[in-house]
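Student: File follows, upload-v3.tsv with TSV, C-alpha atoms:
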```tsv
chain	number	residue	atom	x	y	z
P	6	MET	CA	-133.91	-67.66	85.22
P	7	LEU	CA	-130.17	-68.32	84.88
P	8	ARG	CA	-129.42	-64.67	85.73
P	9	LEU	CA	-131.57	-64.91	88.82
P	10	ALA	CA	-129.95	-68.20	89.79
P	11	GLU	CA	-126.49	-66.66	89.47
P	12	ARG	CA	-127.44	-63.65	91.60
P	13	ALA	CA	-129.01	-65.90	94.23
P	14	GLY	CA	-126.04	-68.26	94.28
P	15	LEU	CA	-128.08	-71.28	93.24
P	16	ALA	CA	-125.35	-72.46	90.91
P	17	GLU	CA	-122.69	-72.53	93.60
P	18	SER	CA	-121.77	-75.61	95.59
P	19	LYS	CA	-122.49	-74.91	99.22
P	20	ARG	CA	-119.44	-74.99	101.49
P	21	ASP	CA	-120.80	-77.73	103.69
P	22	VAL	CA	-122.99	-80.74	103.03
P	23	GLU	CA	-125.76	-79.80	105.46
P	24	GLY	CA	-125.98	-76.34	103.93
P	25	ALA	CA	-126.20	-77.86	100.47
P	26	ARG	CA	-129.02	-80.17	101.56
P	27	ALA	CA	-131.03	-77.37	103.11
P	28	GLY	CA	-130.29	-75.16	100.14
P	29	MET	CA	-131.63	-77.66	97.64
P	30	LEU	CA	-134.96	-77.83	99.43
P	31	GLU	CA	-135.20	-74.04	99.44
P	32	ASP	CA	-134.15	-73.77	95.80
P	33	VAL	CA	-136.72	-76.34	94.64
P	34	LYS	CA	-139.53	-74.38	96.30
P	35	LEU	CA	-138.79	-71.51	93.90
P	36	VAL	CA	-139.17	-73.55	90.73
P	37	GLU	CA	-141.24	-76.69	91.38
P	38	GLY	CA	-144.66	-77.26	89.84
P	39	ALA	CA	-148.11	-77.20	91.36
P	40	PRO	CA	-149.61	-80.13	93.29
P	41	GLN	CA	-151.37	-82.72	91.15
P	42	ARG	CA	-154.66	-84.51	91.65
P	43	LEU	CA	-153.84	-88.07	92.65
P	44	LEU	CA	-155.79	-90.91	94.17
P	45	ALA	CA	-153.43	-91.12	97.16
P	46	ILE	CA	-149.99	-90.21	98.47
P	47	GLU	CA	-148.68	-92.51	101.19
P	48	ASP	CA	-145.49	-92.38	103.27
P	49	ARG	CA	-144.20	-95.83	104.14
P	50	GLN	CA	-141.05	-97.90	104.59
P	51	LEU	CA	-139.31	-99.80	101.81
P	52	ALA	CA	-136.30	-101.97	102.65
P	53	GLY	CA	-136.12	-100.23	106.02
P	54	ARG	CA	-135.92	-96.72	104.60
P	55	ALA	CA	-138.39	-93.93	103.92
P	56	ALA	CA	-140.41	-94.06	100.72
P	57	ARG	CA	-143.42	-92.23	99.33
P	58	VAL	CA	-146.02	-93.90	97.11
P	59	TYR	CA	-147.95	-91.83	94.55
P	60	ARG	CA	-151.09	-93.49	93.19
P	61	PRO	CA	-152.64	-91.87	90.12
P	62	GLN	CA	-156.37	-91.50	89.67
P	63	HIS	CA	-156.27	-93.36	86.36
P	64	SER	CA	-153.66	-96.09	86.71
P	65	THR	CA	-152.23	-97.80	83.62
P	66	GLY	CA	-150.90	-100.65	85.79
P	67	PRO	CA	-147.10	-100.39	86.03
P	68	ALA	CA	-145.04	-98.80	88.79
P	69	LEU	CA	-141.78	-96.85	88.81
P	70	LEU	CA	-139.21	-96.97	91.62
P	71	TYR	CA	-137.92	-93.38	91.55
P	72	LEU	CA	-134.47	-92.27	92.74
P	73	HIS	CA	-133.98	-88.56	93.28
P	74	GLY	CA	-131.04	-86.57	91.95
P	75	GLY	CA	-128.62	-84.49	93.97
P	76	GLY	CA	-125.12	-85.74	93.29
P	77	TRP	CA	-125.54	-88.71	95.65
P	78	THR	CA	-125.08	-86.09	98.39
P	79	VAL	CA	-128.24	-83.96	98.54
P	80	GLY	CA	-131.90	-84.41	97.64
P	81	SER	CA	-134.70	-86.43	99.16
P	82	VAL	CA	-138.22	-87.67	98.66
P	83	ARG	CA	-139.36	-84.14	99.60
P	84	SER	CA	-137.15	-82.34	97.07
P	85	HIS	CA	-138.69	-84.39	94.25
P	86	ASP	CA	-142.23	-84.60	95.58
P	87	ARG	CA	-143.92	-82.38	93.00
P	88	LEU	CA	-141.99	-83.97	90.14
P	89	CYS	CA	-143.13	-87.44	91.20
P	90	GLN	CA	-146.69	-86.17	91.52
P	91	ARG	CA	-146.68	-84.89	87.95
P	92	ILE	CA	-145.11	-88.00	86.44
P	93	ALA	CA	-147.65	-90.19	88.23
P	94	ALA	CA	-150.62	-88.02	87.25
P	95	VAL	CA	-149.71	-87.81	83.56
P	96	SER	CA	-148.25	-91.29	83.00
P	97	GLY	CA	-150.72	-93.34	85.04
P	98	TYR	CA	-147.80	-95.12	86.75
P	99	THR	CA	-147.70	-95.62	90.49
P	100	LEU	CA	-144.46	-93.98	91.63
P	101	VAL	CA	-142.49	-95.21	94.62
P	102	SER	CA	-139.96	-92.51	95.55
P	103	PHE	CA	-137.13	-93.92	97.68
P	104	ASP	CA	-134.73	-92.22	100.13
P	105	TYR	CA	-131.42	-94.02	99.67
P	106	ARG	CA	-128.48	-93.25	101.95
P	107	LEU	CA	-126.38	-90.24	100.97
P	108	ALA	CA	-122.68	-89.53	100.71
P	109	PRO	CA	-120.32	-88.51	102.24
P	110	GLU	CA	-121.65	-90.33	105.30
P	111	HIS	CA	-122.46	-93.31	103.08
P	112	PRO	CA	-120.24	-93.25	99.97
P	113	PHE	CA	-120.23	-95.67	97.05
P	114	PRO	CA	-121.50	-98.34	96.92
P	115	ALA	CA	-124.00	-97.67	99.74
P	116	PRO	CA	-126.55	-95.68	97.64
P	117	LEU	CA	-126.38	-98.35	94.93
P	118	ASP	CA	-126.71	-101.14	97.47
P	119	ASP	CA	-129.80	-99.41	98.89
P	120	THR	CA	-131.25	-99.14	95.39
P	121	LEU	CA	-130.75	-102.83	94.71
P	122	VAL	CA	-132.31	-103.85	98.01
P	123	ALA	CA	-135.22	-101.45	97.43
P	124	PHE	CA	-136.00	-102.86	93.99
P	125	GLU	CA	-135.86	-106.44	95.25
P	126	ALA	CA	-138.09	-105.48	98.19
P	127	LEU	CA	-140.54	-103.80	95.82
P	128	VAL	CA	-140.74	-106.99	93.74
P	129	ASP	CA	-141.55	-108.95	96.91
P	130	GLU	CA	-144.05	-106.42	98.23
P	131	ALA	CA	-145.71	-105.62	94.89
P	132	PRO	CA	-148.78	-107.87	95.38
P	133	ALA	CA	-149.46	-106.43	98.85
P	134	LEU	CA	-149.19	-102.93	97.37
P	135	GLY	CA	-151.53	-103.79	94.52
P	136	LEU	CA	-148.72	-103.58	91.96
P	137	ASP	CA	-147.82	-105.94	89.14
P	138	PRO	CA	-144.38	-107.44	89.95
P	139	GLN	CA	-143.84	-108.05	86.23
P	140	ARG	CA	-144.17	-104.35	85.40
P	141	LEU	CA	-141.87	-102.60	87.84
P	142	ALA	CA	-139.68	-99.93	86.24
P	143	ILE	CA	-136.74	-98.14	87.81
P	144	GLY	CA	-135.61	-94.59	87.12
P	145	GLY	CA	-134.36	-91.29	88.37
P	146	ASP	CA	-132.72	-88.02	87.48
P	147	SER	CA	-129.01	-87.12	87.44
P	148	ALA	CA	-127.38	-89.14	90.27
P	149	GLY	CA	-130.66	-91.04	90.57
P	150	GLY	CA	-130.45	-91.88	86.89
P	151	ASN	CA	-126.93	-93.14	87.49
P	152	LEU	CA	-128.17	-95.39	90.31
P	153	ALA	CA	-131.05	-96.70	88.19
P	154	ALA	CA	-128.71	-97.55	85.29
P	155	ALA	CA	-126.15	-99.17	87.59
P	156	ALA	CA	-128.88	-101.18	89.33
P	157	CYS	CA	-130.05	-102.62	86.00
P	158	ILE	CA	-126.49	-103.70	85.19
P	159	ASP	CA	-125.97	-105.20	88.64
P	160	LEU	CA	-129.29	-107.05	88.64
P	161	ARG	CA	-128.51	-108.48	85.19
P	162	ASP	CA	-125.13	-109.71	86.42
P	163	ARG	CA	-126.73	-111.28	89.49
P	164	GLY	CA	-129.32	-113.09	87.41
P	165	GLY	CA	-132.06	-111.56	89.55
P	166	PRO	CA	-135.38	-110.10	88.44
P	167	LEU	CA	-134.81	-107.21	86.06
P	168	PRO	CA	-136.79	-103.98	85.95
P	169	TRP	CA	-139.42	-103.83	83.25
P	170	LEU	CA	-138.01	-100.50	82.03
P	171	GLN	CA	-135.24	-98.04	82.97
P	172	VAL	CA	-135.97	-94.32	82.93
P	173	LEU	CA	-132.87	-92.12	82.94
P	174	ILE	CA	-133.33	-88.34	83.16
P	175	TYR	CA	-130.08	-86.47	82.37
P	176	PRO	CA	-128.13	-89.34	84.00
P	177	ALA	CA	-124.55	-89.11	85.23
P	178	CYS	CA	-122.86	-91.85	83.20
P	179	ASP	CA	-119.12	-91.16	83.34
P	180	LEU	CA	-117.54	-89.85	86.53
P	181	ARG	CA	-114.24	-89.27	84.71
P	182	LEU	CA	-115.79	-85.98	83.42
P	183	LEU	CA	-114.25	-86.26	79.97
P	184	ALA	CA	-117.17	-85.17	77.75
P	185	ASP	CA	-116.93	-82.04	75.62
P	186	SER	CA	-120.25	-80.77	77.00
P	187	ILE	CA	-118.71	-80.58	80.49
P	188	ASP	CA	-116.22	-78.02	79.19
P	189	GLU	CA	-118.82	-76.30	76.99
P	190	PHE	CA	-121.22	-75.72	79.90
P	191	ALA	CA	-118.68	-75.62	82.73
P	192	THR	CA	-120.24	-72.49	84.24
P	193	GLY	CA	-123.43	-70.50	83.92
P	194	PHE	CA	-126.02	-73.28	83.54
P	195	VAL	CA	-126.81	-74.14	87.20
P	196	LEU	CA	-124.82	-77.39	87.27
P	197	THR	CA	-121.14	-76.42	87.05
P	198	ARG	CA	-117.98	-78.41	86.54
P	199	GLN	CA	-116.84	-77.30	90.00
P	200	SER	CA	-120.02	-78.61	91.63
P	201	MET	CA	-119.75	-81.91	89.73
P	202	ILE	CA	-116.25	-82.41	91.11
P	203	TRP	CA	-117.59	-81.60	94.60
P	204	TYR	CA	-120.43	-84.11	94.33
P	205	ARG	CA	-118.44	-87.01	92.87
P	206	GLY	CA	-115.69	-86.47	95.45
P	207	HIS	CA	-118.18	-87.23	98.18
P	208	TYR	CA	-119.44	-90.32	96.37
P	209	THR	CA	-116.28	-92.12	95.18
P	210	GLN	CA	-112.65	-91.71	94.20
P	211	ASP	CA	-112.70	-94.67	91.79
P	212	PHE	CA	-114.03	-93.06	88.63
P	213	GLU	CA	-113.14	-96.12	86.50
P	214	ASP	CA	-115.49	-98.50	88.33
P	215	PRO	CA	-118.28	-99.40	85.84
P	216	ARG	CA	-120.78	-99.61	88.73
P	217	ALA	CA	-120.19	-95.87	89.17
P	218	SER	CA	-119.28	-94.85	85.60
P	219	VAL	CA	-121.90	-96.91	83.81
P	220	LEU	CA	-120.68	-95.79	80.38
P	221	LEU	CA	-117.75	-98.18	80.98
P	222	ALA	CA	-119.97	-101.21	81.63
P	223	GLU	CA	-121.13	-103.96	79.26
P	224	LEU	CA	-124.66	-102.99	78.24
P	225	HIS	CA	-126.12	-106.09	76.60
P	226	ASP	CA	-129.30	-107.79	77.86
P	227	LEU	CA	-130.57	-104.80	79.80
P	228	PRO	CA	-134.17	-103.60	80.18
P	229	PRO	CA	-135.62	-101.22	77.59
P	230	ALA	CA	-134.59	-97.63	78.29
P	231	ILE	CA	-135.87	-94.09	78.06
P	232	VAL	CA	-132.99	-91.59	78.20
P	233	HIS	CA	-133.91	-87.92	78.53
P	234	THR	CA	-131.11	-85.41	77.98
P	235	ALA	CA	-130.93	-81.60	78.06
P	236	GLY	CA	-129.24	-79.50	75.40
P	237	PHE	CA	-127.54	-77.05	77.78
P	238	ASP	CA	-126.33	-79.60	80.32
P	239	PRO	CA	-122.76	-80.59	81.16
P	240	LEU	CA	-124.03	-84.20	81.28
P	241	ARG	CA	-125.57	-83.98	77.78
P	242	ASP	CA	-122.86	-85.81	75.84
P	243	GLU	CA	-122.49	-88.75	78.22
P	244	GLY	CA	-126.27	-89.20	78.32
P	245	GLU	CA	-126.42	-89.19	74.53
P	246	ASP	CA	-123.47	-91.59	74.38
P	247	TYR	CA	-125.16	-93.91	76.86
P	248	ALA	CA	-128.35	-93.98	74.79
P	249	ALA	CA	-126.33	-94.72	71.66
P	250	ARG	CA	-124.37	-97.49	73.38
P	251	LEU	CA	-127.54	-99.07	74.72
P	252	THR	CA	-128.97	-99.09	71.20
P	253	ALA	CA	-125.76	-100.57	69.79
P	254	ALA	CA	-125.91	-103.31	72.44
P	255	GLY	CA	-129.38	-104.28	71.24
P	256	VAL	CA	-131.31	-102.60	74.07
P	257	ARG	CA	-134.57	-101.01	72.92
P	258	THR	CA	-133.96	-97.34	73.69
P	259	VAL	CA	-135.93	-94.13	73.28
P	260	HIS	CA	-133.81	-90.97	73.43
P	261	LEU	CA	-135.73	-87.80	74.28
P	262	ASP	CA	-133.74	-84.65	73.51
P	263	ALA	CA	-134.81	-81.58	75.52
P	264	ALA	CA	-132.69	-79.38	73.26
P	265	ASP	CA	-133.64	-76.06	74.87
P	266	GLN	CA	-133.38	-77.13	78.53
P	267	ILE	CA	-130.74	-77.14	81.28
P	268	HIS	CA	-129.76	-79.72	83.86
P	269	GLY	CA	-132.42	-80.03	86.53
P	270	PHE	CA	-135.30	-78.93	84.29
P	271	ALA	CA	-137.55	-81.71	85.59
P	272	ASN	CA	-137.76	-79.93	88.95
P	273	MET	CA	-138.39	-76.55	87.32
P	274	ASP	CA	-141.78	-77.14	85.72
P	275	GLY	CA	-143.38	-74.50	87.93
P	276	LEU	CA	-141.17	-71.80	86.41
P	277	LEU	CA	-140.25	-72.90	82.89
P	278	PRO	CA	-143.01	-73.79	80.39
P	279	GLY	CA	-140.45	-75.76	78.39
P	280	ALA	CA	-139.61	-77.84	81.44
P	281	ARG	CA	-143.29	-78.62	81.99
P	282	ARG	CA	-143.55	-79.70	78.36
P	283	GLU	CA	-140.59	-82.02	78.71
P	284	VAL	CA	-141.82	-83.62	81.94
P	285	ASP	CA	-145.15	-84.30	80.26
P	286	ARG	CA	-143.35	-85.64	77.20
P	287	LEU	CA	-141.48	-88.10	79.39
P	288	ALA	CA	-144.65	-89.11	81.24
P	289	LEU	CA	-146.54	-89.66	77.99
P	290	THR	CA	-143.66	-91.78	76.67
P	291	LEU	CA	-143.99	-93.89	79.82
P	292	LYS	CA	-147.72	-94.14	79.23
P	293	ALA	CA	-147.16	-95.26	75.62
P	294	HIS	CA	-144.69	-97.91	76.80
P	295	ALA	CA	-147.33	-99.30	79.16
P	296	ARG	CA	-149.68	-99.73	76.23
P	297	GLY	CA	-147.01	-101.62	74.30
```
As structure tokens, please, write out the structure in this file.

Tutor:
Amino acid sequence: MLRLAERAGLAESKRDVEGARAGMLEDVKLVEGAPQRLLAIEDRQLAGRAARVYRPQHSTGPALLYLHGGGWTVGSVRSHDRLCQRIAAVSGYTLVSFDYRLAPEHPFPAPLDDTLVAFEALVDEAPALGLDPQRLAIGGDSAGGNLAAAACIDLRDRGGPLPWLQVLIYPACDLRLLADSIDEFATGFVLTRQSMIWYRGHYTQDFEDPRASVLLAELHDLPPAIVHTAGFDPLRDEGEDYAARLTAAGVRTVHLDAADQIHGFANMDGLLPGARREVDRLALTLKAHARG
């Protein structure tokens, strides 16, 4: 798959933002999984922006506000549609996928601000949506994982309602790009060092801000966490470090190690059997958390 991706140019940052956005949608079509049987999929508004609600046939009760990856610059509800379907179907969670504003038109902290407003709106609207406001999780992949982690920190500092759980799939945790795994997997594994520099440059120039580089934040008194990392991912080390720091801060944390996977595997479950296994592993971990 990596050879095909290299020949097709999937690993290269597109020269312009609009091309990158269109390219991601086309790329995902090549690797995403099959549609899932769900009770309902509904497009609606959340905090004045587009959202998509996925209701499983056999609900376990909780809901997950999901934030797509894409370097804060690309990605959408559509690019992560099949992934959200599978997580909902296997976990029994209702997923609410949210389209936050994107950089460079809306750089930091706009995507984070949107995330905070969306979570607070979901708490308010939960009863009308048939959701339990006491069991609302927040999560996402890559840049979306970064936003979910930062939102938990911000909500704690505000003294507002905290998510029931945070779900971080290969999250971006340190925009300084200092981890050894960034050098180890700088090229050849879809996400490259060059593309990471391109993405973060659109998002922010302040790489020391703990609301952007969450590895620099104080991590006490945060919601329980599931951190899912990939073995062949430039972001592997910072994700592992974040899980370890959460644990050291007294946060109940489950670290899932997808040792044989690459960055972006969660969207590749239609092509890679190992990716499908890992998505199901994450969803079943969510399901187990719901049961206590």

Student: Env of segment 73-88 of chain P: 8 Å cut, atoms = all atoms listed in the file, seq-sep filter 5 positions within chain, self excluded. Answer as a ChimeraX atom specification.

Tutor: /P:22,25-26,29-30,33,37-41,56-57,102-104,107-109,116,145-150,201,204-205,207-208,271-272

Student: Can you work out which one of P:Cys89, P:Leu220, P:Ala123, P:Leu117 has the shortest atom-to-atom distance to Val284 of chain P, counting only C-alpha atoms?

Tutor: P:Cys89

Student: What does the structure give for the distance between atom CA of Val58 of chain P and atom CA of Pro132 of chain P, in Å to one decimal?

Tutor: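 Computed distance, atom CA of Val58 of chain P to atom CA of Pro132 of chain P, equals 14.3 Å.
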
Student: Give me, please, the distance in Å between atom CA of Val95 of chain P and atom CA of Leu7 of chain P, quoted to one decimal.

Tutor: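 Atom-to-atom, atom CA of Val95 of chain P to atom CA of Leu7 of chain P, that is 27.6 Å.
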
Student: Using all atoms listed in the file, can you tell me which of P:Val128, P:Ala184, P:Leu69, P:Ala52 comes closest to Lys292 of chain P?

Tutor: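 Between P:Val128, P:Ala184, P:Leu69, P:Ala52, the residue approaching Lys292 of chain P most closely is P:Leu69.
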
Student: Please report the interatomic distance between atom CA of Leu221 of chain P and atom CA of Ala263 of chain P in Å with one decimal.

Tutor: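 These atoms are spaced 24.4 Å apart.
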
Student: Choose the residue, out of P:Val195, P:Ala153, P:Ile143, P:Leu173, that has the smallest atom-to-atom separation from Ala217 of chain P; count only C-alpha atoms.

Tutor: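 Smallest separation from Ala217 of chain P among the options: P:Ala153.
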
Student: Using only C-alpha atoms, which of the listed residues (P:Phe270, P:Asp265, P:Ala155, P:Asp246) sits closest to Leu227 of chain P?

Tutor: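 Residue with the minimum atom-to-atom distance to Leu227 of chain P: P:Ala155.
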
Student: As a PDB file, in the coordinates of the input, could you write out segment 266-291 of chain P once it has been completed with N, CA and C atoms?

Tutor:
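Heads up, here's the output in out18.pdb:
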```
ATOM      1  N   GLN P 266    -133.310 -77.092  77.069  1.00  0.00           N
ATOM      2  CA  GLN P 266    -133.380 -77.130  78.530  1.00  0.00           C
ATOM      3  C   GLN P 266    -132.002 -77.269  79.173  1.00  0.00           C
ATOM      4  N   ILE P 267    -131.964 -77.027  80.501  1.00  0.00           N
ATOM      5  CA  ILE P 267    -130.740 -77.140  81.280  1.00  0.00           C
ATOM      6  C   ILE P 267    -130.857 -78.316  82.241  1.00  0.00           C
ATOM      7  N   HIS P 268    -129.755 -78.665  82.857  1.00  0.00           N
ATOM      8  CA  HIS P 268    -129.760 -79.720  83.860  1.00  0.00           C
ATOM      9  C   HIS P 268    -130.696 -79.320  85.007  1.00  0.00           C
ATOM     10  N   GLY P 269    -131.487 -80.291  85.441  1.00  0.00           N
ATOM     11  CA  GLY P 269    -132.420 -80.030  86.530  1.00  0.00           C
ATOM     12  C   GLY P 269    -133.781 -79.544  86.077  1.00  0.00           C
ATOM     13  N   PHE P 270    -134.032 -79.497  84.771  1.00  0.00           N
ATOM     14  CA  PHE P 270    -135.300 -78.930  84.290  1.00  0.00           C
ATOM     15  C   PHE P 270    -136.512 -79.647  84.853  1.00  0.00           C
ATOM     16  N   ALA P 271    -136.384 -80.941  85.152  1.00  0.00           N
ATOM     17  CA  ALA P 271    -137.550 -81.710  85.590  1.00  0.00           C
ATOM     18  C   ALA P 271    -138.135 -81.168  86.895  1.00  0.00           C
ATOM     19  N   ASN P 272    -137.288 -80.537  87.709  1.00  0.00           N
ATOM     20  CA  ASN P 272    -137.760 -79.930  88.950  1.00  0.00           C
ATOM     21  C   ASN P 272    -138.213 -78.486  88.769  1.00  0.00           C
ATOM     22  N   MET P 273    -138.143 -77.970  87.557  1.00  0.00           N
ATOM     23  CA  MET P 273    -138.390 -76.550  87.320  1.00  0.00           C
ATOM     24  C   MET P 273    -139.680 -76.297  86.557  1.00  0.00           C
ATOM     25  N   ASP P 274    -140.602 -77.266  86.565  1.00  0.00           N
ATOM     26  CA  ASP P 274    -141.780 -77.140  85.720  1.00  0.00           C
ATOM     27  C   ASP P 274    -142.775 -76.106  86.248  1.00  0.00           C
ATOM     28  N   GLY P 275    -142.544 -75.588  87.449  1.00  0.00           N
ATOM     29  CA  GLY P 275    -143.380 -74.500  87.930  1.00  0.00           C
ATOM     30  C   GLY P 275    -142.946 -73.150  87.403  1.00  0.00           C
ATOM     31  N   LEU P 276    -141.720 -73.070  86.882  1.00  0.00           N
ATOM     32  CA  LEU P 276    -141.170 -71.800  86.410  1.00  0.00           C
ATOM     33  C   LEU P 276    -141.010 -71.760  84.901  1.00  0.00           C
ATOM     34  N   LEU P 277    -140.577 -72.875  84.315  1.00  0.00           N
ATOM     35  CA  LEU P 277    -140.250 -72.900  82.890  1.00  0.00           C
ATOM     36  C   LEU P 277    -141.295 -73.691  82.108  1.00  0.00           C
ATOM     37  N   PRO P 278    -142.036 -73.041  81.208  1.00  0.00           N
ATOM     38  CA  PRO P 278    -143.010 -73.790  80.390  1.00  0.00           C
ATOM     39  C   PRO P 278    -142.358 -74.922  79.607  1.00  0.00           C
ATOM     40  N   GLY P 279    -141.135 -74.714  79.120  1.00  0.00           N
ATOM     41  CA  GLY P 279    -140.450 -75.760  78.390  1.00  0.00           C
ATOM     42  C   GLY P 279    -140.160 -76.974  79.252  1.00  0.00           C
ATOM     43  N   ALA P 280    -139.856 -76.730  80.523  1.00  0.00           N
ATOM     44  CA  ALA P 280    -139.610 -77.840  81.440  1.00  0.00           C
ATOM     45  C   ALA P 280    -140.892 -78.636  81.663  1.00  0.00           C
ATOM     46  N   ARG P 281    -142.008 -77.939  81.816  1.00  0.00           N
ATOM     47  CA  ARG P 281    -143.290 -78.620  81.990  1.00  0.00           C
ATOM     48  C   ARG P 281    -143.617 -79.468  80.762  1.00  0.00           C
ATOM     49  N   ARG P 282    -143.334 -78.942  79.601  1.00  0.00           N
ATOM     50  CA  ARG P 282    -143.550 -79.700  78.360  1.00  0.00           C
ATOM     51  C   ARG P 282    -142.718 -80.958  78.339  1.00  0.00           C
ATOM     52  N   GLU P 283    -141.474 -80.864  78.762  1.00  0.00           N
ATOM     53  CA  GLU P 283    -140.590 -82.020  78.710  1.00  0.00           C
ATOM     54  C   GLU P 283    -140.954 -83.074  79.753  1.00  0.00           C
ATOM     55  N   VAL P 284    -141.377 -82.654  80.943  1.00  0.00           N
ATOM     56  CA  VAL P 284    -141.820 -83.620  81.940  1.00  0.00           C
ATOM     57  C   VAL P 284    -143.042 -84.375  81.427  1.00  0.00           C
ATOM     58  N   ASP P 285    -143.962 -83.639  80.820  1.00  0.00           N
ATOM     59  CA  ASP P 285    -145.150 -84.300  80.260  1.00  0.00           C
ATOM     60  C   ASP P 285    -144.781 -85.213  79.097  1.00  0.00           C
ATOM     61  N   ARG P 286    -143.814 -84.807  78.315  1.00  0.00           N
ATOM     62  CA  ARG P 286    -143.350 -85.640  77.200  1.00  0.00           C
ATOM     63  C   ARG P 286    -142.786 -86.962  77.724  1.00  0.00           C
ATOM     64  N   LEU P 287    -142.004 -86.881  78.782  1.00  0.00           N
ATOM     65  CA  LEU P 287    -141.480 -88.100  79.390  1.00  0.00           C
ATOM     66  C   LEU P 287    -142.609 -88.964  79.924  1.00  0.00           C
ATOM     67  N   ALA P 288    -143.543 -88.346  80.639  1.00  0.00           N
ATOM     68  CA  ALA P 288    -144.650 -89.110  81.240  1.00  0.00           C
ATOM     69  C   ALA P 288    -145.504 -89.763  80.177  1.00  0.00           C
ATOM     70  N   LEU P 289    -145.739 -89.076  79.066  1.00  0.00           N
ATOM     71  CA  LEU P 289    -146.540 -89.660  77.990  1.00  0.00           C
ATOM     72  C   LEU P 289    -145.784 -90.781  77.277  1.00  0.00           C
ATOM     73  N   THR P 290    -144.458 -90.688  77.227  1.00  0.00           N
ATOM     74  CA  THR P 290    -143.660 -91.780  76.670  1.00  0.00           C
ATOM     75  C   THR P 290    -143.773 -93.013  77.568  1.00  0.00           C
ATOM     76  N   LEU P 291    -143.760 -92.788  78.883  1.00  0.00           N
ATOM     77  CA  LEU P 291    -143.990 -93.890  79.820  1.00  0.00           C
ATOM     78  C   LEU P 291    -145.359 -94.520  79.597  1.00  0.00           C
TER      79      LEU P 291
END
```
